[in-house]
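Trainee: Sharing a structure with you now.
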Amino acid sequence: MMLRTLCRAGGAILQQSQRTVPRLWVTPAQQRWASSLPMNTVILFVPQQEAWVVERMGRFHRILEPGLNFLIPVLDRIRYVQSLKEIVIDVPEQSAVSLDNVTLQIDGVLYLRILDPFKASYGVEDPEYAVTQLAQTTMRSELGKLTLDKVFRERESLNSNIVHSINQAADDWGIRCLRYEIKDIHVPPRVKESMQMQVEAERKKRATVLESEGTREAAINVAEGHKQAQILASEGEKAEQINKAAGEAQAILAKAEAKAKAIRLLSGALTEQNGNAAASLSVAEQYVSAFSNLAKESNTILLPSNTGDISGMVTQAMTIYGTLSKTSPKVVTEDVEEKSEEPVNQLASSQ
């Protein structure tokens, strides 16, 4: 009962002390924090992922951990309540000038977390406002280092550079910037039109290049086709000529063998009885056949004076044959004599 009375008295005194504080001394940030500050009821339950900064007689005393905590009335006061969760801050839209003097309207989202509640409470007046302003100034300085084309291509590296710069400055505030994401980038209408024209020109260029490459590939394929066709045609013609030559050679050999066989048979027949009569009959038949084919292939005809004397022509042919048959054994005999004299001459020269 006495503890309850003491708590009520302490709460009344604390409320009276807060009402007696002049409003001119309280900043907007202090008003925002004071509006959500819990009262000292001696027994306090701190939620998870929150840090309550306690002052004793106006001086920092300790940070309450999540769970059950006890405070002394009147002397102890909860001055700040810090959230240890990840905080999302919407960075307002602002203007920035790129390296090639193009004015951009850009905004983003900042993700941060409080690591040290003491520094976040006493290191800076308003941590959220300070980090937002730092993100805006850092974003303007980083955009001034890049051209317009690189801003769109290197957005990831731009975000990492902004996070690195914010962490370097916010280390004394007990705040850690986890990541920064650029939401929208707005360019002036004229620049946007020129970018669209550039994109269209680039697409036309790529279309023209692709079309020319297609035409070139088609021409190369057609040329390769003609080349292969000519090669195959030449190889076919070559094979045809080889086969034709081989056939002609075999035909010539066959004709020569047949003719030689016919000559051997004819010579054998002539040596038999009545061979001359058979030869005379064959010559007469060929003579008659030759005269029957006259004037069939040409209009010019040369005829002997005794065309109708068949017996005279046959006699003349047989006389020529007899002369040749007489001279050929003499030539063979002379050759045999010359070959027989050569060993005798060699023997005489050796002696």
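Scheme for the structure tokens: letters A, B, ... for chains in order shown; per-chain residue numbers from 1; ligand numbers from 1 in order shown.
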Can you list, as a list in words, every protein, DNA or RNA residue that comes within 9 Å of Asn69 of chain A when you count only C-alpha atoms, leaving out same-chain residues fewer than 6 positions away?
Mentor: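 Residues near the query, excluding close chain neighbours: Val42, Ile43, Leu44, Phe45 and Val46 of chain A.
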Trainee: Among segment 154-298 of chain A, which residues carry a DSSP assignment of helix (DSSP H, G or I), reported as a ChimeraX atom specification?
Mentor: /A:155-173,189-271,275-292
Trainee: Using only C-alpha atoms, which protein or nucleic acid residues come within 10 Å of segment 48-52 of chain A? Drop anything in the same chain fewer than 2 positions from it, and give the result as a list in words.
Mentor: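 Selected residues are Leu37, Pro38, Phe45, Val46, Val54, Glu55, Arg62, Ile63, Leu64, Glu65, Pro66, Gly67, Arg77, Ile78, Arg79, Tyr80, Val81, Gln82, Ser83, Leu84, Lys85, Glu86, Ile114, Asp116, Pro117 and Phe118 of chain A.
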Trainee: If you count only C-alpha atoms, which residues fall within 12 Å of Val88 of chain A, apart from same-chain ones fewer than 5 positions away, as a list in words?
Mentor: Ser83, Gly108, Val109, Leu110, Tyr111, Leu112, Arg113, Ile114, Glu128, Val131, Thr132, Cys177, Leu178, Arg179, Tyr180 and Glu181 of chain A
Trainee: Quick one, how far is atom CA of Arg140 of chain A from atom CA of Met197 of chain A?
Mentor: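 Interatomic distance, atom CA of Arg140 of chain A to atom CA of Met197 of chain A: 27.3 Å.
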